[in-house]
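See below for the structure under consideration.
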Amino acid sequence: MMGRTTFLGSATFLKSAAFGLVMSTGLLLGQTGAEAAAKTAITVGMAIEPAGLDPTIAAPVAIGQVTWQNIFEGLTTIDKDGKVKPQLAESWQISPDGLTYTFKLRQGVKYHNGVAFDSSVAKYSIDRARGADSVNPQKRYFASIDTVETPDASTLVLKLKQPAGSLLYWLGWPSSTIVEPKSAADNKTTPVGTGPFKFVSWSKGSKVDLARNADYWNKSISLKLDTAAFRFISDPQAQAAALKAGDVDAFPEFGAPELIKSFEGDKRLTTVIGNTELKVVAGMNNTRKPFSDKKVRQALMMAVDRATVVEGAWSGFGTPIGSHYTPNDRGYKDLTGVYPYDAAKAKALLAEAGFPNGFTFTIKAPQMAYAQRTSQVLQAMFAEIGVTMNIETTEFPAKWVADVLKAADYDMTIVAHAEPMDIDIYSRDPYYFNYKNPAFNDVLKKVEMTSDAAGQEKLYGEAQTILSNDVPALFLFVMPKLGVWDGKVKGLWENEPIPSNVLTDVHWEE
Amino acid sequence: MISLLIRRILSLAVTLLIVSLLIFTVMDLLPGDPAAIMLGTSASPETLAALQKQLGLDQPLPVRYLAWLAGVFRGDLGQSYTYGVPVAGLIAERLAVTLPLALIAIVLSVAIAIPLGVQAARKHNGVFDFAAGLFSYISIAVPAFWVGLLLIILFSTMLGWMPAGGFPGWDAGFLAGLKALILPAVALALPQAGVLTRVARAAVLEVMNEDFVRTARAKGVSDGVAIWRHAVPNALVPVFTMLGLQFTFLIAGAVLVENVFNLPGLGRLAYQALSQRDIIVMQDVVLFFSALVILMNFLVDLAYLVVDPRLRAGAQ
């Protein structure tokens with residue numbers, strides 16, 4: 001971290017030196033300063049328009065992708081490597097029993113409306129998220145908190161009912177950002193935060209405009225952008241056209257892998273392929289026959305050639321996974337070798353489970369391209385071992401949420417799970433997999449009882465291994481982050497350990 | 001005449017009331033709970049219940065219907081679940097895009113279709129007629145959104161003359177706004193123009209053989225005058241009828257074209273609201289579209305009275 005800071009610092013220095021040189025040369029040559037000056041505005045494209053701009057009251061990741069770290073900040077934050085860092089909390093102390101968290105809060109922080117940040121604001125925000133009327137999508141993250149105390153204006157004490165080893169990480173999430181009481185009710189339409197950018201306007205259906213917060217508290221960051229706009233373009237063809245025409249400067253999550261090749265001839269644009277947290281898994285109803293038999297699930301896993309799935313579904317972009325975990329996540333283990341592709345073995349195992357002639361079932365697949373294409377590839381692969389899979393397209397999110405997530409009325413489904421570090425969904429009850437393994441639940445409980453990082457990583461490794469053996473879902477691949485942007489735009493995140501478009505470091509290369 | 005108007009207006013109101021009931025029922029039958037969609041995959045049942053209460057979704061169906069209807073009468077269309085702003089404002093904002101788009105498309109399609117149809121009728125079975133026929137078949141067969149994509153590739157990506165989509169807003173200047181609407185309007189107008197060309201041609205052909213046109217010719221007026229002063233006005237009734245009927249398709253086409261061109265219009269609002277189950281927005285937008293179509297048909301009926309004195313006589 002230190003090294004990076006220094007490097008960034010010197011890079012900034014070099015850049016300003018270079019800028020000065022360019023400026024003076026420009027003046028010598030009699031050019032106007034405006035021509036030589038770097039651009040200070042950026043237009044970032046997004047596929048989905050957020051449903052409101054308050055990440056603490058609704059789940060869609062698009063909300064955080066506009067507001068998190070740009071408008072709203074949390075007690076902690078998560079950096080581009082997925083690590084927890086201090087933000088509105090300068091530092092913290094955890095009692096030896098893991099039940100008391102004492103945060104030292106940053107002073108001199110002001111909201112965009114002038115309200116000062118202090119412990120009472122932090123307490124209000126946390127109580128709002130965990131209260132009875134809370135509609136916070138991650139309310140369960142606050143369930144371990146017993147009381148919130150404010151001994152003085154810059155100290156916040158959280159007393160827990162039971163240890164929560166992931167608390168600091170959870171506090172960095174978009175849904176945990178700290179909002180102040182006066183503006184909280186209107187944040188959905190006019191968000192007010194402490195971040196480096198202020199909300200300017202939202203042309204519904206079109207774009208959100210932000211402007212630099214001149215009073216930003218973190219003076220160690222020199223913001224290069226004066227204004228930023230998020231433009232919403234859902235159609236991939238229109239996304240590509242907007243990029244090529246220069247209407248948007250960057251599309252950090254371009255929607256169609258099959259169109260990536262079309263940018264190759266364009267010298268102005270650069271393509272950056274990174275990782276997301278989107279785990280594409282084909283969940284199975286673990287209480288419904290024949291999926292209640294572990295051997296059947298394992299056989300189906302062995303019938304799948306993940307590389308071919310990635311090729312067929314996402315034009316070869318994406319990383320195969322063997323569990324519900326991504327290479328971004330701490331303690332990641334590559335478990336694709338536990339049940340590798342082997343059609344003959346799969347057929348034998350299926351016979352052992354009592355299905356020598358296979359069986360027939362239905363997959364409820366959302367309409368999105370990745371889900372449809374993956375289903376078709378899986379259909380062909382299962383046919384190889386005598387299993388017939390029918391594809392039933394199920395409208396996402398509405399019908400999928402109702403039928404699969406809520407009612408668990410399905411055989412198999414396929415969906416990309418967007419939430420980072422959500423391996424705990426396999427311990428939730430009820431949850432649509434209907435997977436119940438006390439040993440797995442124990443491991444996750446131990447993660448929360450452990451506060452040191454190395455111990456947690458080891459436990460996460462165990463959890464991944466259990467899942468890769470039990471195969472409650474077919475673990476397929478992690479979606480790539482297909483970033484396409486103007487080659488002169490620097491500072492956008494390559495990977496996405498948390499869904500976001502952090503603009504703090506973004507600048508135009510001169 | 002007046003009593004006819006009153007009767008038409010009354011039936012208009014009754015139709016709208018029935019339509020509102022239908023819309024409400026269909027929206028309720030749609031699978032999916034807006035609160036569940038907003039809260040994603042992690043929310044507990046209590047959180048879900050809290051949000052349902054906040055949105056008023058815990059009320060019984062008839063209560064919700066009557067509340068909605070009462071609101072509509074007062075001019076209060078409710079609050080969007082996803083945007084959190086009044087729906088009336090949303091519709092007004094979007095109308096500022098869709099209305100000009102539809103108007104330009106209508107004017108464009110009439111401007112293409114009438115000269116083309118009339119000329120095809122005059123030279124019927126000739127080369128021009130054949131070419132016009134080919135034009136209409138192709139433009140009817142090719143979907144508007146695909147034409148839109150071709151236009152984007154040609155004029156935005158390759159030539160760079162036009163924006164590739166999006167809308168700068170009218171405050172960015174009238175010309176900038178107009179520029180953003182031209183390609184989508186062309187995409188929307190072409191299929192309409194195809195249909196209207198066929199209708200205009202057939203109507204003119206039919207009228208051309210009528211006695212009064214022959215009489216006009218016999219009196220010695222030129223071919224052009226016989227057509228434009230005598231045949232065309234009489235051929236306008238079917239053209240107007242078709243225009244009214246096509247209006248529904250124009251709105252439907254706008255949904256697709258607005259998505260391709262990424263225009264923040266009413267069609268895209270409807271599409272977004274449907275996928276997010278922003279039911280209140282859906283209800284309002286569909287009701288608005290229905291009212292528009294019903295009103296349009298009413299206006300077409302009125303237009304008959306204007307263009308066709310015979311109907312006017314019958315109405316009195």
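Here, A, B, ... name the chains of the structure tokens in the order displayed, residue numbers run from 1 inside each chain, and ligands are numbered from 1 in the same displayed order.
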
> Just asking: which residues within region 416-506 of chain A are helix (DSSP H, G or I) according to DSSP, as a PyMOL selection string?
Replying inline: chain A and resi 423-427+438-449+453-470

Rows by chain and residue number, chain B within 9 Å of chain A, shortest pair, only C-alpha atoms, as CSV:
```
residue,atom,partner,partner_atom,distance
B:Leu30,CA,A:Lys399,CA,8.4
B:Pro31,CA,A:Lys399,CA,5.4
B:Gly32,CA,A:Ala398,CA,4.2
B:Asp33,CA,A:Ala398,CA,6.6
B:Pro34,CA,A:Ala398,CA,7.6
B:Ala36,CA,A:Val401,CA,7.1
B:Ile37,CA,A:Pro397,CA,6.4
B:Met38,CA,A:Ala58,CA,5.2
B:Leu39,CA,A:Ala59,CA,4.8
B:Gly40,CA,A:Ala59,CA,5.1
B:Thr41,CA,A:Leu405,CA,7.4
B:Ser42,CA,A:Gln138,CA,6.3
B:Ala43,CA,A:Pro137,CA,5.3
B:Ser44,CA,A:Arg140,CA,7.6
B:Glu46,CA,A:Ala132,CA,8.4
B:Thr47,CA,A:Val135,CA,5.3
B:Leu48,CA,A:Val135,CA,7.2
B:Ala49,CA,A:Val135,CA,8.9
B:Ala50,CA,A:Asp133,CA,5.7
B:Leu51,CA,A:Val135,CA,5.8
B:Gln54,CA,A:Asp133,CA,8.9
B:Tyr81,CA,A:Ala51,CA,8.3
B:Thr82,CA,A:Ala51,CA,4.6
B:Tyr83,CA,A:Gly52,CA,4.9
B:Gly84,CA,A:Thr189,CA,6.5
B:Val85,CA,A:Thr189,CA,7.3
B:Leu90,CA,A:Lys204,CA,7.7
B:Glu93,CA,A:Lys204,CA,8.4
B:Arg94,CA,A:Gly205,CA,8.6
B:Leu149,CA,A:Gln237,CA,7.8
B:Ile152,CA,A:Ala241,CA,7.3
B:Ile153,CA,A:Ala241,CA,7.4
B:Ser156,CA,A:Ala245,CA,6.4
B:Thr157,CA,A:Ala245,CA,5.7
B:Met158,CA,A:Ala245,CA,8.7
B:Gly160,CA,A:Ala245,CA,6.6
B:Met162,CA,A:Ala245,CA,9.0
B:Pro163,CA,A:Ala245,CA,7.3
B:Ala164,CA,A:Ala242,CA,5.4
B:Gly165,CA,A:Ala238,CA,6.9
B:Gly166,CA,A:Ser206,CA,7.0
B:Phe167,CA,A:Ser206,CA,7.2
B:Pro168,CA,A:Ser206,CA,8.6
B:Gly169,CA,A:Ser203,CA,8.5
B:Asn259,CA,A:Asp235,CA,7.0
B:Val260,CA,A:Ala238,CA,6.3
B:Phe261,CA,A:Ala238,CA,6.7
B:Asn262,CA,A:Ile233,CA,5.9
B:Leu263,CA,A:Ser206,CA,7.3
B:Pro264,CA,A:Gly205,CA,4.8
B:Gly265,CA,A:Gly205,CA,7.8
B:Arg268,CA,A:Gly205,CA,7.6
B:Leu269,CA,A:Gly205,CA,7.1
B:Gln272,CA,A:Gly205,CA,8.7
B:Ser275,CA,A:Ala398,CA,7.1
B:Gln276,CA,A:Ala398,CA,7.1
B:Arg277,CA,A:Ala398,CA,6.8
```

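The protein and nucleic acid residues lying at most 6 Å from Met301 (chain A) are Gln298, Val304 and Leu474 of chain A, with only C-alpha atoms considered and sequence neighbours fewer than 3 positions away removed.
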
Go ahead and save the picked residues with C-alpha atoms, as a PDB file, in the first residue's frame.
```pdb
ATOM      1  CA  GLN A 298     -21.600 -34.549  -9.097  1.00  0.00           C
ATOM      2  CA  VAL A 304     -19.755 -29.924 -17.971  1.00  0.00           C
ATOM      3  CA  LEU A 474     -23.014 -26.261 -10.941  1.00  0.00           C
TER       4      LEU A 474
END
```

> If we count only C-alpha atoms, what is near region 288-296 of chain B at a cut-off of 10 Å, once residues fewer than 2 positions away on the same chain are taken out, given as a ChimeraX atom specification?
Replying inline: /B:9,12-13,15-16,19-20,23,91,243-248,251-252,266-267,282-286,298-302

Using only C-alpha atoms, please write the residues we just selected to a file, as a short mmCIF file (atom, residue, chain, number, x, y, z; two decimals), in the first residue's frame.
```
data_model
loop_
_atom_site.label_atom_id
_atom_site.label_comp_id
_atom_site.auth_asym_id
_atom_site.auth_seq_id
_atom_site.Cartn_x
_atom_site.Cartn_y
_atom_site.Cartn_z
CA ILE B 9 -67.27 11.73 -25.68
CA LEU B 12 -64.85 7.62 -24.78
CA ALA B 13 -65.04 8.03 -21.00
CA THR B 15 -64.10 2.96 -22.67
CA LEU B 16 -61.31 4.54 -20.65
CA VAL B 19 -59.52 0.05 -19.97
CA SER B 20 -58.30 1.25 -16.56
CA ILE B 23 -54.87 -2.51 -17.06
CA ILE B 91 -44.60 11.21 -18.23
CA LEU B 243 -53.04 6.98 -40.26
CA GLY B 244 -55.30 6.72 -37.21
CA LEU B 245 -55.03 2.95 -37.10
CA GLN B 246 -51.30 3.07 -37.65
CA PHE B 247 -50.93 5.45 -34.73
CA THR B 248 -51.10 2.47 -32.38
CA ILE B 251 -46.48 4.05 -30.45
CA ALA B 252 -45.50 0.38 -30.34
CA LEU B 266 -42.35 7.22 -23.03
CA GLY B 267 -41.73 3.91 -24.78
CA MET B 282 -46.84 0.85 -16.00
CA GLN B 283 -50.47 1.50 -15.15
CA ASP B 284 -50.16 5.21 -15.79
CA VAL B 285 -48.20 4.90 -19.01
CA VAL B 286 -50.46 2.21 -20.46
CA PHE B 298 -61.97 10.11 -32.03
CA LEU B 299 -59.98 12.78 -33.82
CA VAL B 300 -59.86 10.67 -36.96
CA ASP B 301 -63.64 10.45 -36.85
CA LEU B 302 -63.76 14.22 -36.52
#
```

>> Just want the 8 Å neighbourhood of Phe212 (chain B), counted on only C-alpha atoms, with same-chain residues fewer than 3 positions away dropped. Output as a list in words.
In response: Thr215, Ala216 and His230 of chain B

Restrict the selected residues to C-alpha atoms and save them as a PDB file, in the first residue's frame.
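After the write, part.pdb holds the following:
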```
ATOM      1  CA  THR B 215     -66.132  14.502 -65.872  1.00  0.00           C
ATOM      2  CA  ALA B 216     -63.379  16.815 -64.713  1.00  0.00           C
ATOM      3  CA  HIS B 230     -60.391  16.138 -57.556  1.00  0.00           C
TER       4      HIS B 230
END
```

>> I need the residue nearest Glu496 (chain A) from this list: A:Asp266, A:Glu277, A:Asp249, A:Asp146. Use only C-alpha atoms for the distance.
In response: A:Glu277

> Quick one: DSSP strand (DSSP E or B) residues in region 248-347 of chain A, as a list in words?
Replying inline: Ala250, Phe251, Leu269, Thr270, Thr271, Val272, Ile273, Gly274, Asn275, Thr276, Glu277, Leu278, Lys279, Val280, Val281, Ala282, Gly283, Met284, Thr319 and Pro320 of chain A

Output N, CA and C atoms for every residue in that selection, as an mmCIF file, in the first residue's frame.
```
data_model
loop_
_atom_site.group_PDB
_atom_site.id
_atom_site.type_symbol
_atom_site.label_atom_id
_atom_site.label_comp_id
_atom_site.auth_asym_id
_atom_site.auth_seq_id
_atom_site.Cartn_x
_atom_site.Cartn_y
_atom_site.Cartn_z
ATOM 1 N N ALA A 250 -16.045 6.008 -21.737
ATOM 2 C CA ALA A 250 -15.697 4.719 -21.155
ATOM 3 C C ALA A 250 -16.950 3.895 -20.905
ATOM 4 N N PHE A 251 -16.851 2.615 -21.157
ATOM 5 C CA PHE A 251 -17.882 1.672 -20.772
ATOM 6 C C PHE A 251 -17.210 0.620 -19.898
ATOM 7 N N LEU A 269 -9.640 3.524 -28.914
ATOM 8 C CA LEU A 269 -10.226 2.792 -27.785
ATOM 9 C C LEU A 269 -9.314 1.674 -27.309
ATOM 10 N N THR A 270 -9.372 1.419 -26.005
ATOM 11 C CA THR A 270 -8.592 0.320 -25.460
ATOM 12 C C THR A 270 -9.545 -0.635 -24.733
ATOM 13 N N THR A 271 -9.205 -1.909 -24.740
ATOM 14 C CA THR A 271 -10.052 -2.906 -24.107
ATOM 15 C C THR A 271 -9.313 -3.485 -22.906
ATOM 16 N N VAL A 272 -9.956 -3.461 -21.755
ATOM 17 C CA VAL A 272 -9.326 -3.962 -20.532
ATOM 18 C C VAL A 272 -10.210 -5.045 -19.931
ATOM 19 N N ILE A 273 -9.701 -6.286 -19.925
ATOM 20 C CA ILE A 273 -10.514 -7.387 -19.430
ATOM 21 C C ILE A 273 -10.111 -7.694 -17.988
ATOM 22 N N GLY A 274 -11.036 -7.541 -17.074
ATOM 23 C CA GLY A 274 -10.765 -7.850 -15.675
ATOM 24 C C GLY A 274 -11.790 -8.826 -15.128
ATOM 25 N N ASN A 275 -11.764 -8.967 -13.802
ATOM 26 C CA ASN A 275 -12.703 -9.875 -13.150
ATOM 27 C C ASN A 275 -13.814 -9.099 -12.449
ATOM 28 N N THR A 276 -14.979 -9.703 -12.390
ATOM 29 C CA THR A 276 -16.057 -9.131 -11.597
ATOM 30 C C THR A 276 -16.315 -10.068 -10.415
ATOM 31 N N GLU A 277 -17.380 -9.790 -9.695
ATOM 32 C CA GLU A 277 -17.819 -10.694 -8.632
ATOM 33 C C GLU A 277 -19.012 -11.530 -9.098
ATOM 34 N N LEU A 278 -19.326 -11.441 -10.401
ATOM 35 C CA LEU A 278 -20.519 -12.123 -10.920
ATOM 36 C C LEU A 278 -20.238 -13.596 -11.156
ATOM 37 N N LYS A 279 -20.712 -14.439 -10.237
ATOM 38 C CA LYS A 279 -20.500 -15.869 -10.330
ATOM 39 C C LYS A 279 -21.682 -16.502 -11.056
ATOM 40 N N VAL A 280 -21.430 -17.059 -12.237
ATOM 41 C CA VAL A 280 -22.510 -17.717 -12.977
ATOM 42 C C VAL A 280 -22.610 -19.152 -12.477
ATOM 43 N N VAL A 281 -23.699 -19.461 -11.802
ATOM 44 C CA VAL A 281 -23.877 -20.810 -11.267
ATOM 45 C C VAL A 281 -25.260 -21.330 -11.650
ATOM 46 N N ALA A 282 -25.315 -22.644 -11.926
ATOM 47 C CA ALA A 282 -26.593 -23.281 -12.224
ATOM 48 C C ALA A 282 -27.071 -23.960 -10.945
ATOM 49 N N GLY A 283 -27.879 -23.247 -10.191
ATOM 50 C CA GLY A 283 -28.368 -23.770 -8.919
ATOM 51 C C GLY A 283 -29.335 -24.920 -9.130
ATOM 52 N N MET A 284 -29.290 -25.885 -8.208
ATOM 53 C CA MET A 284 -30.212 -27.019 -8.279
ATOM 54 C C MET A 284 -31.059 -27.052 -7.023
ATOM 55 N N THR A 319 -13.618 -16.581 -16.322
ATOM 56 C CA THR A 319 -12.733 -17.514 -15.638
ATOM 57 C C THR A 319 -13.546 -18.660 -15.040
ATOM 58 N N PRO A 320 -13.223 -19.918 -15.406
ATOM 59 C CA PRO A 320 -13.946 -21.048 -14.810
ATOM 60 C C PRO A 320 -13.737 -21.103 -13.292
#
```

> Within 8 Å of Ser201 (chain A), counting only C-alpha atoms, which residues qualify if same-chain residues fewer than 2 places away don't, as a PyMOL selection string?
Replying inline: chain A and resi 190+199+203+208-210

>> Could you check the closest approach to Lys458 (chain A) for each of A:Gly358, A:Gly316, A:Pro438, A:Gly331 and tell me which residue wins, using only C-alpha atoms?
In response: A:Gly331

> Can you list, as a list in words, every protein, DNA or RNA residue that comes within 12 Å of Leu459 (chain A) when you count only C-alpha atoms, leaving out same-chain residues fewer than 6 positions away?
Replying inline: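 Returned residues: Gly165, Arg330, Gly331, Tyr332, Lys333, Ile423, Ala439, Phe440, Asn441, Asp442, Val443, Leu444, Lys445, Lys446, Val447, Glu448, Met449, Thr450, Ser451, Asp452, Ala453, Thr465 and Ile466 of chain A.
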
Please produce a file of those selected residues containing N, CA and C atoms, as an mmCIF file, in the first residue's frame.
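Here's the written file selection-v7.cif:
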```
data_model
loop_
_atom_site.group_PDB
_atom_site.id
_atom_site.type_symbol
_atom_site.label_atom_id
_atom_site.label_comp_id
_atom_site.auth_asym_id
_atom_site.auth_seq_id
_atom_site.Cartn_x
_atom_site.Cartn_y
_atom_site.Cartn_z
ATOM 1 N N GLY A 165 -16.761 -11.321 12.315
ATOM 2 C CA GLY A 165 -15.435 -11.125 11.723
ATOM 3 C C GLY A 165 -15.465 -10.352 10.419
ATOM 4 N N ARG A 330 -10.612 -12.961 -1.080
ATOM 5 C CA ARG A 330 -9.467 -13.399 -0.260
ATOM 6 C C ARG A 330 -9.617 -14.882 0.105
ATOM 7 N N GLY A 331 -8.496 -15.592 -0.028
ATOM 8 C CA GLY A 331 -8.508 -17.020 0.275
ATOM 9 C C GLY A 331 -9.063 -17.872 -0.863
ATOM 10 N N TYR A 332 -8.999 -17.341 -2.102
ATOM 11 C CA TYR A 332 -9.538 -18.093 -3.243
ATOM 12 C C TYR A 332 -8.723 -19.355 -3.519
ATOM 13 N N LYS A 333 -9.416 -20.456 -3.775
ATOM 14 C CA LYS A 333 -8.761 -21.699 -4.179
ATOM 15 C C LYS A 333 -9.321 -22.130 -5.529
ATOM 16 N N ILE A 423 -20.643 -16.327 -0.354
ATOM 17 C CA ILE A 423 -20.624 -17.789 -0.235
ATOM 18 C C ILE A 423 -21.587 -18.229 0.878
ATOM 19 N N ALA A 439 -22.029 -28.982 8.534
ATOM 20 C CA ALA A 439 -20.575 -28.800 8.553
ATOM 21 C C ALA A 439 -20.204 -27.495 7.869
ATOM 22 N N PHE A 440 -20.888 -27.206 6.746
ATOM 23 C CA PHE A 440 -20.628 -25.968 6.012
ATOM 24 C C PHE A 440 -21.028 -24.751 6.857
ATOM 25 N N ASN A 441 -22.218 -24.842 7.469
ATOM 26 C CA ASN A 441 -22.684 -23.735 8.314
ATOM 27 C C ASN A 441 -21.707 -23.452 9.444
ATOM 28 N N ASP A 442 -21.129 -24.517 10.016
ATOM 29 C CA ASP A 442 -20.159 -24.363 11.107
ATOM 30 C C ASP A 442 -18.947 -23.567 10.660
ATOM 31 N N VAL A 443 -18.449 -23.916 9.473
ATOM 32 C CA VAL A 443 -17.261 -23.223 8.973
ATOM 33 C C VAL A 443 -17.552 -21.732 8.844
ATOM 34 N N LEU A 444 -18.720 -21.390 8.302
ATOM 35 C CA LEU A 444 -19.041 -19.978 8.129
ATOM 36 C C LEU A 444 -19.228 -19.270 9.462
ATOM 37 N N LYS A 445 -19.769 -19.994 10.428
ATOM 38 C CA LYS A 445 -19.915 -19.407 11.764
ATOM 39 C C LYS A 445 -18.530 -19.085 12.327
ATOM 40 N N LYS A 446 -17.591 -20.029 12.098
ATOM 41 C CA LYS A 446 -16.225 -19.824 12.599
ATOM 42 C C LYS A 446 -15.595 -18.592 11.943
ATOM 43 N N VAL A 447 -15.921 -18.338 10.669
ATOM 44 C CA VAL A 447 -15.365 -17.151 10.007
ATOM 45 C C VAL A 447 -15.729 -15.914 10.809
ATOM 46 N N GLU A 448 -16.977 -15.841 11.252
ATOM 47 C CA GLU A 448 -17.421 -14.655 11.987
ATOM 48 C C GLU A 448 -16.779 -14.581 13.375
ATOM 49 N N MET A 449 -16.424 -15.762 13.950
ATOM 50 C CA MET A 449 -15.798 -15.778 15.267
ATOM 51 C C MET A 449 -14.318 -15.408 15.178
ATOM 52 N N THR A 450 -13.770 -15.437 13.962
ATOM 53 C CA THR A 450 -12.340 -15.199 13.771
ATOM 54 C C THR A 450 -12.137 -13.757 13.328
ATOM 55 N N SER A 451 -11.189 -13.067 13.955
ATOM 56 C CA SER A 451 -11.000 -11.694 13.510
ATOM 57 C C SER A 451 -9.717 -11.517 12.714
ATOM 58 N N ASP A 452 -8.794 -12.499 12.729
ATOM 59 C CA ASP A 452 -7.576 -12.279 11.943
ATOM 60 C C ASP A 452 -7.763 -12.781 10.514
ATOM 61 N N ALA A 453 -7.165 -12.019 9.591
ATOM 62 C CA ALA A 453 -7.391 -12.238 8.172
ATOM 63 C C ALA A 453 -6.932 -13.621 7.711
ATOM 64 N N THR A 465 -14.078 -25.687 -0.428
ATOM 65 C CA THR A 465 -13.856 -27.113 -0.682
ATOM 66 C C THR A 465 -15.130 -27.928 -0.442
ATOM 67 N N ILE A 466 -15.829 -27.618 0.648
ATOM 68 C CA ILE A 466 -17.071 -28.352 0.934
ATOM 69 C C ILE A 466 -18.049 -28.189 -0.230
#
```
